$ cat run_4.cif   # mmCIF, N, CA and C atoms
data_structure
loop_
_atom_site.label_atom_id
_atom_site.label_comp_id
_atom_site.auth_asym_id
_atom_site.auth_seq_id
_atom_site.Cartn_x
_atom_site.Cartn_y
_atom_site.Cartn_z
N MET A 1 -46.35 73.26 -1.26
CA MET A 1 -47.56 72.75 -1.86
C MET A 1 -47.19 71.50 -2.64
N LYS A 2 -47.99 70.47 -2.47
CA LYS A 2 -47.75 69.21 -3.15
C LYS A 2 -49.00 68.83 -3.92
N GLY A 3 -48.77 68.29 -5.11
CA GLY A 3 -49.87 67.80 -5.92
C GLY A 3 -49.56 66.40 -6.42
N LEU A 4 -50.36 65.45 -6.03
CA LEU A 4 -50.26 64.10 -6.56
C LEU A 4 -51.23 64.04 -7.73
N ILE A 5 -50.69 63.84 -8.93
CA ILE A 5 -51.55 63.82 -10.11
C ILE A 5 -51.61 62.42 -10.70
N GLN A 6 -52.78 62.08 -11.18
CA GLN A 6 -52.99 60.80 -11.84
C GLN A 6 -53.69 61.04 -13.17
N ARG A 7 -53.14 60.45 -14.22
CA ARG A 7 -53.78 60.52 -15.54
C ARG A 7 -54.93 59.53 -15.52
N ILE A 8 -56.14 60.04 -15.75
CA ILE A 8 -57.31 59.19 -15.58
C ILE A 8 -58.20 59.19 -16.82
N SER A 9 -58.94 58.10 -16.95
CA SER A 9 -59.98 58.00 -17.98
C SER A 9 -61.27 58.61 -17.48
N GLU A 10 -61.49 58.47 -16.16
CA GLU A 10 -62.65 59.05 -15.50
C GLU A 10 -62.40 59.02 -14.00
N ALA A 11 -63.05 59.94 -13.30
CA ALA A 11 -62.93 59.98 -11.84
C ALA A 11 -64.13 60.72 -11.26
N ASN A 12 -64.44 60.38 -10.00
CA ASN A 12 -65.48 61.12 -9.29
C ASN A 12 -65.18 61.11 -7.81
N VAL A 13 -65.78 62.06 -7.11
CA VAL A 13 -65.63 62.16 -5.67
C VAL A 13 -67.02 62.32 -5.06
N SER A 14 -67.25 61.56 -3.98
CA SER A 14 -68.55 61.57 -3.31
C SER A 14 -68.39 61.98 -1.85
N VAL A 15 -69.44 62.64 -1.34
CA VAL A 15 -69.54 62.99 0.07
C VAL A 15 -70.90 62.51 0.54
N ASP A 16 -70.91 61.70 1.58
CA ASP A 16 -72.17 61.15 2.12
C ASP A 16 -73.01 60.47 1.04
N GLY A 17 -72.34 59.76 0.14
CA GLY A 17 -73.04 59.02 -0.91
C GLY A 17 -73.46 59.82 -2.12
N ASP A 18 -73.27 61.14 -2.09
CA ASP A 18 -73.64 62.00 -3.22
C ASP A 18 -72.40 62.41 -4.00
N VAL A 19 -72.42 62.23 -5.32
CA VAL A 19 -71.30 62.64 -6.15
C VAL A 19 -71.27 64.17 -6.19
N VAL A 20 -70.14 64.75 -5.77
CA VAL A 20 -70.00 66.20 -5.76
C VAL A 20 -69.10 66.70 -6.90
N GLY A 21 -68.33 65.80 -7.50
CA GLY A 21 -67.47 66.16 -8.62
C GLY A 21 -67.21 64.96 -9.50
N ARG A 22 -67.25 65.15 -10.81
CA ARG A 22 -67.04 64.06 -11.76
C ARG A 22 -66.40 64.62 -13.03
N ILE A 23 -65.40 63.88 -13.55
CA ILE A 23 -64.79 64.27 -14.83
C ILE A 23 -64.58 63.04 -15.69
N GLY A 24 -64.39 63.30 -16.98
CA GLY A 24 -63.97 62.27 -17.93
C GLY A 24 -62.45 62.29 -18.03
N GLU A 25 -61.93 62.15 -19.22
CA GLU A 25 -60.48 62.08 -19.42
C GLU A 25 -59.79 63.34 -18.89
N GLY A 26 -58.72 63.12 -18.15
CA GLY A 26 -57.98 64.25 -17.63
C GLY A 26 -57.06 63.87 -16.50
N ILE A 27 -57.03 64.74 -15.47
CA ILE A 27 -56.13 64.57 -14.34
C ILE A 27 -56.91 64.68 -13.04
N LEU A 28 -56.66 63.74 -12.14
CA LEU A 28 -57.11 63.85 -10.76
C LEU A 28 -55.94 64.44 -9.98
N LEU A 29 -56.18 65.57 -9.34
CA LEU A 29 -55.16 66.24 -8.51
C LEU A 29 -55.55 66.13 -7.05
N LEU A 30 -54.70 65.46 -6.27
CA LEU A 30 -54.83 65.46 -4.82
C LEU A 30 -53.88 66.54 -4.33
N LEU A 31 -54.43 67.57 -3.70
CA LEU A 31 -53.69 68.78 -3.37
C LEU A 31 -53.45 68.91 -1.88
N GLY A 32 -52.17 69.02 -1.51
CA GLY A 32 -51.78 69.22 -0.12
C GLY A 32 -51.17 70.60 0.05
N VAL A 33 -51.62 71.34 1.06
CA VAL A 33 -51.16 72.71 1.29
C VAL A 33 -50.37 72.77 2.59
N GLU A 34 -49.17 73.34 2.50
CA GLU A 34 -48.31 73.51 3.67
C GLU A 34 -48.44 74.92 4.22
N HIS A 35 -48.04 75.10 5.48
CA HIS A 35 -48.24 76.39 6.16
C HIS A 35 -47.49 77.55 5.52
N ASN A 36 -46.42 77.28 4.78
CA ASN A 36 -45.66 78.36 4.15
C ASN A 36 -46.06 78.60 2.69
N ASP A 37 -47.10 77.96 2.22
CA ASP A 37 -47.54 78.13 0.82
C ASP A 37 -48.28 79.45 0.63
N THR A 38 -48.22 79.95 -0.61
CA THR A 38 -48.83 81.22 -0.98
C THR A 38 -49.64 81.05 -2.26
N GLU A 39 -50.32 82.10 -2.65
CA GLU A 39 -51.05 82.09 -3.92
C GLU A 39 -50.10 81.88 -5.09
N THR A 40 -48.90 82.40 -5.00
CA THR A 40 -47.90 82.20 -6.06
C THR A 40 -47.56 80.72 -6.21
N HIS A 41 -47.43 80.00 -5.09
CA HIS A 41 -47.19 78.56 -5.15
C HIS A 41 -48.34 77.85 -5.86
N ALA A 42 -49.56 78.25 -5.53
CA ALA A 42 -50.74 77.64 -6.14
C ALA A 42 -50.76 77.90 -7.65
N GLU A 43 -50.49 79.12 -8.05
CA GLU A 43 -50.47 79.46 -9.48
C GLU A 43 -49.43 78.62 -10.23
N LYS A 44 -48.23 78.56 -9.69
CA LYS A 44 -47.15 77.81 -10.35
C LYS A 44 -47.48 76.33 -10.46
N LEU A 45 -48.03 75.77 -9.38
CA LEU A 45 -48.37 74.35 -9.41
C LEU A 45 -49.48 74.06 -10.41
N ILE A 46 -50.53 74.85 -10.41
CA ILE A 46 -51.63 74.64 -11.35
C ILE A 46 -51.14 74.78 -12.79
N GLU A 47 -50.37 75.81 -13.07
CA GLU A 47 -49.86 76.00 -14.43
C GLU A 47 -48.95 74.85 -14.86
N ARG A 48 -48.17 74.35 -13.92
CA ARG A 48 -47.32 73.20 -14.23
C ARG A 48 -48.17 71.97 -14.54
N ILE A 49 -49.20 71.75 -13.74
CA ILE A 49 -50.05 70.57 -13.93
C ILE A 49 -50.78 70.62 -15.26
N ILE A 50 -51.37 71.74 -15.61
CA ILE A 50 -52.16 71.78 -16.85
C ILE A 50 -51.28 71.76 -18.09
N ASN A 51 -49.99 72.03 -17.92
CA ASN A 51 -49.06 71.98 -19.05
C ASN A 51 -48.10 70.80 -18.98
N TYR A 52 -48.25 69.94 -17.98
CA TYR A 52 -47.38 68.78 -17.80
C TYR A 52 -47.71 67.74 -18.86
N ARG A 53 -46.72 67.31 -19.60
CA ARG A 53 -46.96 66.44 -20.76
C ARG A 53 -46.97 64.97 -20.34
N ILE A 54 -48.17 64.50 -20.00
CA ILE A 54 -48.33 63.11 -19.56
C ILE A 54 -49.35 62.34 -20.39
N PHE A 55 -49.86 62.96 -21.44
CA PHE A 55 -50.83 62.30 -22.32
C PHE A 55 -50.14 61.90 -23.62
N SER A 56 -50.56 60.79 -24.16
CA SER A 56 -49.91 60.22 -25.34
C SER A 56 -50.19 61.00 -26.61
N ASP A 57 -49.14 61.11 -27.42
CA ASP A 57 -49.30 61.68 -28.76
C ASP A 57 -49.61 60.54 -29.73
N GLU A 58 -49.55 60.83 -31.02
CA GLU A 58 -49.89 59.84 -32.04
C GLU A 58 -48.91 58.66 -32.07
N GLN A 59 -47.71 58.86 -31.55
CA GLN A 59 -46.71 57.79 -31.50
C GLN A 59 -46.70 57.07 -30.15
N GLY A 60 -47.63 57.41 -29.27
CA GLY A 60 -47.70 56.75 -27.98
C GLY A 60 -46.74 57.31 -26.94
N LYS A 61 -46.10 58.42 -27.22
CA LYS A 61 -45.16 59.06 -26.29
C LYS A 61 -45.89 60.10 -25.46
N MET A 62 -45.44 60.29 -24.22
CA MET A 62 -46.04 61.31 -23.36
C MET A 62 -45.56 62.68 -23.83
N ASN A 63 -46.32 63.30 -24.72
CA ASN A 63 -45.95 64.59 -25.30
C ASN A 63 -47.07 65.62 -25.24
N LYS A 64 -48.23 65.23 -24.75
CA LYS A 64 -49.36 66.15 -24.72
C LYS A 64 -49.77 66.47 -23.29
N SER A 65 -50.21 67.70 -23.10
CA SER A 65 -50.64 68.17 -21.78
C SER A 65 -52.16 68.11 -21.66
N LEU A 66 -52.63 68.36 -20.47
CA LEU A 66 -54.07 68.46 -20.23
C LEU A 66 -54.66 69.53 -21.13
N HIS A 67 -53.98 70.64 -21.22
CA HIS A 67 -54.43 71.74 -22.07
C HIS A 67 -54.49 71.30 -23.54
N ASP A 68 -53.47 70.56 -24.00
CA ASP A 68 -53.41 70.10 -25.40
C ASP A 68 -54.58 69.20 -25.77
N ILE A 69 -54.99 68.33 -24.84
CA ILE A 69 -56.05 67.36 -25.17
C ILE A 69 -57.44 67.86 -24.83
N GLY A 70 -57.53 69.06 -24.24
CA GLY A 70 -58.83 69.57 -23.81
C GLY A 70 -59.41 68.75 -22.67
N GLY A 71 -58.53 68.22 -21.81
CA GLY A 71 -58.96 67.37 -20.71
C GLY A 71 -59.51 68.15 -19.54
N GLN A 72 -60.01 67.41 -18.57
CA GLN A 72 -60.65 67.99 -17.39
C GLN A 72 -59.78 67.75 -16.16
N LEU A 73 -60.05 68.52 -15.11
CA LEU A 73 -59.26 68.45 -13.89
C LEU A 73 -60.19 68.29 -12.69
N LEU A 74 -59.95 67.27 -11.89
CA LEU A 74 -60.69 67.07 -10.64
C LEU A 74 -59.71 67.36 -9.51
N ILE A 75 -60.01 68.40 -8.71
CA ILE A 75 -59.14 68.81 -7.62
C ILE A 75 -59.76 68.42 -6.29
N VAL A 76 -59.01 67.63 -5.52
CA VAL A 76 -59.46 67.13 -4.23
C VAL A 76 -58.42 67.51 -3.18
N SER A 77 -58.84 68.19 -2.12
CA SER A 77 -57.91 68.54 -1.05
C SER A 77 -57.51 67.28 -0.28
N GLN A 78 -56.20 67.19 0.05
CA GLN A 78 -55.73 66.03 0.81
C GLN A 78 -54.56 66.45 1.68
N PHE A 79 -54.87 66.81 2.93
CA PHE A 79 -53.84 67.32 3.84
C PHE A 79 -52.80 66.26 4.18
N THR A 80 -53.11 64.97 4.04
CA THR A 80 -52.15 63.93 4.40
C THR A 80 -50.93 63.92 3.48
N LEU A 81 -51.02 64.57 2.33
CA LEU A 81 -49.86 64.64 1.43
C LEU A 81 -48.70 65.40 2.03
N VAL A 82 -48.97 66.31 2.94
CA VAL A 82 -47.90 67.12 3.52
C VAL A 82 -47.41 66.55 4.85
N ALA A 83 -47.80 65.34 5.17
CA ALA A 83 -47.39 64.72 6.42
C ALA A 83 -45.89 64.44 6.42
N ASP A 84 -45.29 64.55 7.60
CA ASP A 84 -43.90 64.17 7.80
C ASP A 84 -43.90 62.69 8.16
N THR A 85 -43.32 61.87 7.29
CA THR A 85 -43.29 60.43 7.50
C THR A 85 -41.86 59.91 7.66
N ALA A 86 -40.91 60.82 7.93
CA ALA A 86 -39.49 60.46 7.98
C ALA A 86 -39.14 59.52 9.13
N LYS A 87 -39.84 59.64 10.25
CA LYS A 87 -39.49 58.83 11.41
C LYS A 87 -40.75 58.31 12.09
N GLY A 88 -40.55 57.30 12.89
CA GLY A 88 -41.62 56.80 13.74
C GLY A 88 -42.67 56.00 13.01
N ARG A 89 -43.77 55.80 13.73
CA ARG A 89 -44.86 54.97 13.21
C ARG A 89 -46.16 55.72 13.06
N ARG A 90 -46.06 57.05 13.18
CA ARG A 90 -47.25 57.87 13.04
C ARG A 90 -46.86 59.13 12.28
N PRO A 91 -47.65 59.54 11.29
CA PRO A 91 -47.30 60.75 10.54
C PRO A 91 -47.47 62.00 11.39
N GLY A 92 -46.64 62.99 11.11
CA GLY A 92 -46.76 64.28 11.77
C GLY A 92 -47.31 65.31 10.81
N PHE A 93 -48.12 66.22 11.30
CA PHE A 93 -48.79 67.17 10.42
C PHE A 93 -48.42 68.62 10.71
N SER A 94 -47.28 68.84 11.33
CA SER A 94 -46.89 70.21 11.69
C SER A 94 -46.59 71.09 10.48
N LYS A 95 -46.30 70.50 9.33
CA LYS A 95 -46.04 71.29 8.11
C LYS A 95 -47.32 71.74 7.43
N GLY A 96 -48.43 71.16 7.80
CA GLY A 96 -49.70 71.45 7.14
C GLY A 96 -50.23 72.85 7.44
N ALA A 97 -50.93 73.40 6.48
CA ALA A 97 -51.58 74.70 6.65
C ALA A 97 -52.74 74.57 7.62
N SER A 98 -53.12 75.68 8.23
CA SER A 98 -54.33 75.69 9.05
C SER A 98 -55.52 75.42 8.13
N PRO A 99 -56.64 74.97 8.68
CA PRO A 99 -57.82 74.76 7.83
C PRO A 99 -58.22 76.01 7.04
N GLN A 100 -58.12 77.18 7.67
CA GLN A 100 -58.50 78.42 6.98
C GLN A 100 -57.57 78.70 5.80
N GLN A 101 -56.27 78.61 6.04
CA GLN A 101 -55.30 78.86 4.97
C GLN A 101 -55.40 77.77 3.90
N GLY A 102 -55.54 76.52 4.31
CA GLY A 102 -55.66 75.41 3.36
C GLY A 102 -56.85 75.58 2.45
N ASN A 103 -58.00 75.93 3.02
CA ASN A 103 -59.21 76.12 2.22
C ASN A 103 -59.05 77.31 1.28
N ALA A 104 -58.47 78.40 1.76
CA ALA A 104 -58.29 79.59 0.93
C ALA A 104 -57.40 79.28 -0.28
N LEU A 105 -56.31 78.55 -0.06
CA LEU A 105 -55.41 78.24 -1.18
C LEU A 105 -55.99 77.16 -2.09
N TYR A 106 -56.77 76.24 -1.53
CA TYR A 106 -57.49 75.24 -2.34
C TYR A 106 -58.45 75.96 -3.29
N GLU A 107 -59.24 76.88 -2.77
CA GLU A 107 -60.19 77.63 -3.59
C GLU A 107 -59.45 78.49 -4.62
N TYR A 108 -58.33 79.07 -4.21
CA TYR A 108 -57.54 79.89 -5.13
C TYR A 108 -57.03 79.03 -6.29
N ALA A 109 -56.54 77.83 -5.98
CA ALA A 109 -56.05 76.92 -7.02
C ALA A 109 -57.16 76.54 -7.99
N ILE A 110 -58.35 76.27 -7.47
CA ILE A 110 -59.50 75.94 -8.31
C ILE A 110 -59.80 77.10 -9.26
N ASN A 111 -59.89 78.29 -8.72
CA ASN A 111 -60.21 79.46 -9.55
C ASN A 111 -59.12 79.76 -10.56
N HIS A 112 -57.88 79.53 -10.19
CA HIS A 112 -56.78 79.77 -11.12
C HIS A 112 -56.84 78.78 -12.28
N ALA A 113 -57.15 77.52 -11.99
CA ALA A 113 -57.28 76.52 -13.06
C ALA A 113 -58.42 76.89 -14.01
N LYS A 114 -59.53 77.32 -13.45
CA LYS A 114 -60.67 77.73 -14.29
C LYS A 114 -60.30 78.93 -15.16
N ALA A 115 -59.52 79.86 -14.60
CA ALA A 115 -59.10 81.04 -15.35
C ALA A 115 -58.18 80.68 -16.53
N GLN A 116 -57.59 79.49 -16.47
CA GLN A 116 -56.73 79.03 -17.57
C GLN A 116 -57.54 78.32 -18.66
N GLY A 117 -58.85 78.28 -18.48
CA GLY A 117 -59.72 77.67 -19.49
C GLY A 117 -59.92 76.18 -19.31
N ILE A 118 -59.58 75.65 -18.14
CA ILE A 118 -59.72 74.22 -17.87
C ILE A 118 -61.08 73.96 -17.22
N THR A 119 -61.72 72.87 -17.63
CA THR A 119 -62.95 72.43 -16.98
C THR A 119 -62.55 71.76 -15.67
N VAL A 120 -63.08 72.27 -14.56
CA VAL A 120 -62.67 71.83 -13.23
C VAL A 120 -63.88 71.32 -12.44
N ALA A 121 -63.68 70.17 -11.80
CA ALA A 121 -64.63 69.66 -10.81
C ALA A 121 -63.85 69.55 -9.50
N THR A 122 -64.56 69.49 -8.39
CA THR A 122 -63.88 69.50 -7.10
C THR A 122 -64.50 68.53 -6.11
N GLY A 123 -63.72 68.29 -5.07
CA GLY A 123 -64.24 67.62 -3.89
C GLY A 123 -64.80 68.69 -2.97
N GLN A 124 -64.93 68.35 -1.70
CA GLN A 124 -65.44 69.29 -0.70
C GLN A 124 -64.40 69.39 0.41
N PHE A 125 -63.83 70.57 0.56
CA PHE A 125 -62.76 70.78 1.52
C PHE A 125 -63.19 70.34 2.92
N GLY A 126 -62.33 69.55 3.58
CA GLY A 126 -62.57 69.13 4.96
C GLY A 126 -63.55 68.00 5.13
N ALA A 127 -64.15 67.53 4.06
CA ALA A 127 -65.14 66.46 4.16
C ALA A 127 -64.47 65.09 4.09
N ASP A 128 -65.19 64.09 4.59
CA ASP A 128 -64.77 62.70 4.42
C ASP A 128 -65.24 62.30 3.02
N MET A 129 -64.30 62.17 2.10
CA MET A 129 -64.64 61.95 0.69
C MET A 129 -64.27 60.55 0.25
N GLN A 130 -65.02 60.05 -0.71
CA GLN A 130 -64.73 58.78 -1.36
C GLN A 130 -64.37 59.12 -2.81
N VAL A 131 -63.16 58.74 -3.21
CA VAL A 131 -62.69 59.06 -4.55
C VAL A 131 -62.59 57.77 -5.36
N SER A 132 -63.21 57.78 -6.54
CA SER A 132 -63.14 56.64 -7.46
C SER A 132 -62.50 57.12 -8.75
N LEU A 133 -61.63 56.29 -9.31
CA LEU A 133 -60.96 56.69 -10.54
C LEU A 133 -60.54 55.48 -11.35
N THR A 134 -60.36 55.72 -12.62
CA THR A 134 -59.72 54.76 -13.51
C THR A 134 -58.42 55.40 -13.93
N ASN A 135 -57.32 54.93 -13.34
CA ASN A 135 -55.99 55.47 -13.63
C ASN A 135 -55.55 54.90 -14.96
N ASN A 136 -55.30 55.77 -15.91
CA ASN A 136 -54.93 55.38 -17.27
C ASN A 136 -53.42 55.21 -17.35
N GLY A 137 -52.96 53.99 -17.36
CA GLY A 137 -51.53 53.72 -17.47
C GLY A 137 -51.10 52.50 -16.67
N PRO A 138 -50.99 52.59 -15.39
CA PRO A 138 -51.21 53.74 -14.51
C PRO A 138 -50.10 54.77 -14.65
N VAL A 139 -50.50 56.02 -14.55
CA VAL A 139 -49.57 57.16 -14.60
C VAL A 139 -49.86 58.05 -13.40
N THR A 140 -48.86 58.18 -12.51
CA THR A 140 -48.99 58.98 -11.30
C THR A 140 -47.68 59.71 -11.04
N PHE A 141 -47.78 61.01 -10.70
CA PHE A 141 -46.60 61.81 -10.40
C PHE A 141 -46.86 62.68 -9.17
N LEU A 142 -45.82 62.90 -8.37
CA LEU A 142 -45.88 63.82 -7.24
C LEU A 142 -45.13 65.07 -7.65
N LEU A 143 -45.83 66.21 -7.70
CA LEU A 143 -45.22 67.49 -8.05
C LEU A 143 -45.18 68.35 -6.80
N GLU A 144 -44.04 69.00 -6.59
CA GLU A 144 -43.86 69.87 -5.43
C GLU A 144 -43.28 71.20 -5.89
N ASN A 145 -43.62 72.27 -5.17
CA ASN A 145 -42.95 73.54 -5.42
C ASN A 145 -42.86 74.34 -4.16
#

$ encode --input "run_4.cif" --output "structure tokens"
Amino acid sequence: MKGLIQRISEANVSVDGDVVGRIGEGILLLLGVEHNDTETHAEKLIERIINYRIFSDEQGKMNKSLHDIGGQLLIVSQFTLVADTAKGRRPGFSKGASPQQGNALYEYAINHAKAQGITVATGQFGADMQVSLTNNGPVTFLLEN
């Protein structure tokens, strides 16, 4: 499971011109699910993300987490994150989860984040989405487990 996180001032995701998810200050998570991922992987990744210290403290150092600042989380499924790009001129997707497994773990990750007391907005699994964001920093990290 891979999560590309971006520290944002605001973000939203639209499907067919309609905004389906919007947040203020927090983290945009682009979530990629691989075929060998489990609910345990999702739990560990979500807990790592909400406790990852990427927000500035009073001295301007990255010492505060999403949980510390009461920030929000926008979770968007993105299967291209698990692409094999090691060779050639076209990405391979053999590591990716099936749509059924990917959707199940995406939903599980959303529910797990909500259970941690985080305000969560989402994209729409499998849809052609348009994501808009203001990356604060810019600050972007790729987390894997």

$ resolve_selection --input "run_4.cif" --expression "the PyMOL selection byres ((chain A and resi 122) around 8)" --output "list in words"
Asn12, Val13, Ser14, Val20, Gly21, Arg22, Ile23, Leu73, Leu74, Ile75, Val76, Ser77, Ile110, Thr119, Val120, Ala121, Gly123, Gln124 and Phe125 of chain A

$ atom_distance --input "run_4.cif" --atom1 "atom C of Glu39 of chain A" --atom2 "atom N of Gly126 of chain A"
19.4 Å

$ resolve_selection --input "run_4.cif" --expression "the PyMOL selection byres (((chain A and resi 137-145 and name CA) around 7) and name CA)" --output "list in words"
Met1, Lys2, Gly3, Leu4, Ile5, Gln6, Arg7, His41, Leu45, Asn135 and Asn136 of chain A

$ write_last_selection --input "run_4.cif" --atoms "N, CA and C atoms" --output "compact mmCIF listing (two decimals), in the coordinates of the input"
# COMPACT_ATOMS: atom_id res chain seq x y z
N MET A 1 -46.35 73.26 -1.26
CA MET A 1 -47.56 72.75 -1.86
C MET A 1 -47.19 71.50 -2.64
N LYS A 2 -47.99 70.47 -2.47
CA LYS A 2 -47.75 69.21 -3.15
C LYS A 2 -49.00 68.83 -3.92
N GLY A 3 -48.77 68.29 -5.11
CA GLY A 3 -49.87 67.80 -5.92
C GLY A 3 -49.56 66.40 -6.42
N LEU A 4 -50.36 65.45 -6.03
CA LEU A 4 -50.26 64.10 -6.56
C LEU A 4 -51.23 64.04 -7.73
N ILE A 5 -50.69 63.84 -8.93
CA ILE A 5 -51.55 63.82 -10.11
C ILE A 5 -51.61 62.42 -10.70
N GLN A 6 -52.78 62.08 -11.18
CA GLN A 6 -52.99 60.80 -11.84
C GLN A 6 -53.69 61.04 -13.17
N ARG A 7 -53.14 60.45 -14.22
CA ARG A 7 -53.78 60.52 -15.54
C ARG A 7 -54.93 59.53 -15.52
N HIS A 41 -47.43 80.00 -5.09
CA HIS A 41 -47.19 78.56 -5.15
C HIS A 41 -48.34 77.85 -5.86
N LEU A 45 -48.03 75.77 -9.38
CA LEU A 45 -48.37 74.35 -9.41
C LEU A 45 -49.48 74.06 -10.41
N ASN A 135 -57.32 54.93 -13.34
CA ASN A 135 -55.99 55.47 -13.63
C ASN A 135 -55.55 54.90 -14.96
N ASN A 136 -55.30 55.77 -15.91
CA ASN A 136 -54.93 55.38 -17.27
C ASN A 136 -53.42 55.21 -17.35

$ atom_distance --input "run_4.cif" --atom1 "atom CA of Ile27 of chain A" --atom2 "atom CA of Tyr108 of chain A"
17.9 Å

$ resolve_selection --input "run_4.cif" --expression "the PyMOL selection byres (((chain A and resi 128 and name CA) around 8) and name CA)" --output "JSON list (two decimals) with N, CA and C atoms, keeping the file's coordinate frame"
[["chain", "number", "residue", "atom", "x", "y", "z"],
["A", 15, "VAL", "N", -69.44, 62.64, -1.34],
["A", 15, "VAL", "CA", -69.54, 62.99, 0.07],
["A", 15, "VAL", "C", -70.90, 62.51, 0.54],
["A", 16, "ASP", "N", -70.91, 61.70, 1.58],
["A", 16, "ASP", "CA", -72.17, 61.15, 2.12],
["A", 16, "ASP", "C", -73.01, 60.47, 1.04],
["A", 126, "GLY", "N", -62.33, 69.55, 3.58],
["A", 126, "GLY", "CA", -62.57, 69.13, 4.96],
["A", 126, "GLY", "C", -63.55, 68.00, 5.13],
["A", 127, "ALA", "N", -64.15, 67.53, 4.06],
["A", 127, "ALA", "CA", -65.14, 66.46, 4.16],
["A", 127, "ALA", "C", -64.47, 65.09, 4.09],
["A", 129, "MET", "N", -64.30, 62.17, 2.10],
["A", 129, "MET", "CA", -64.64, 61.95, 0.69],
["A", 129, "MET", "C", -64.27, 60.55, 0.25],
["A", 130, "GLN", "N", -65.02, 60.05, -0.71],
["A", 130, "GLN", "CA", -64.73, 58.78, -1.36],
["A", 130, "GLN", "C", -64.37, 59.12, -2.81]]

$ atom_distance --input "run_4.cif" --atom1 "atom CA of Leu133 of chain A" --atom2 "atom C of Val19 of chain A"
13.5 Å

$ select_by_dssp --input "run_4.cif" --residues "chain A" --states "alpha helix (DSSP H)" --output "PyMOL selection string"
chain A and resi 39-51+66-69+99-115

$ residues_around --input "run_4.cif" --residues "Ser98 of chain A" --least-positions-apart "3" --cutoff "7 Å" --atoms "all atoms listed in the file" --output "list in words"
Val33, Glu34, His35, Gln101, Gly102 and Asn103 of chain A
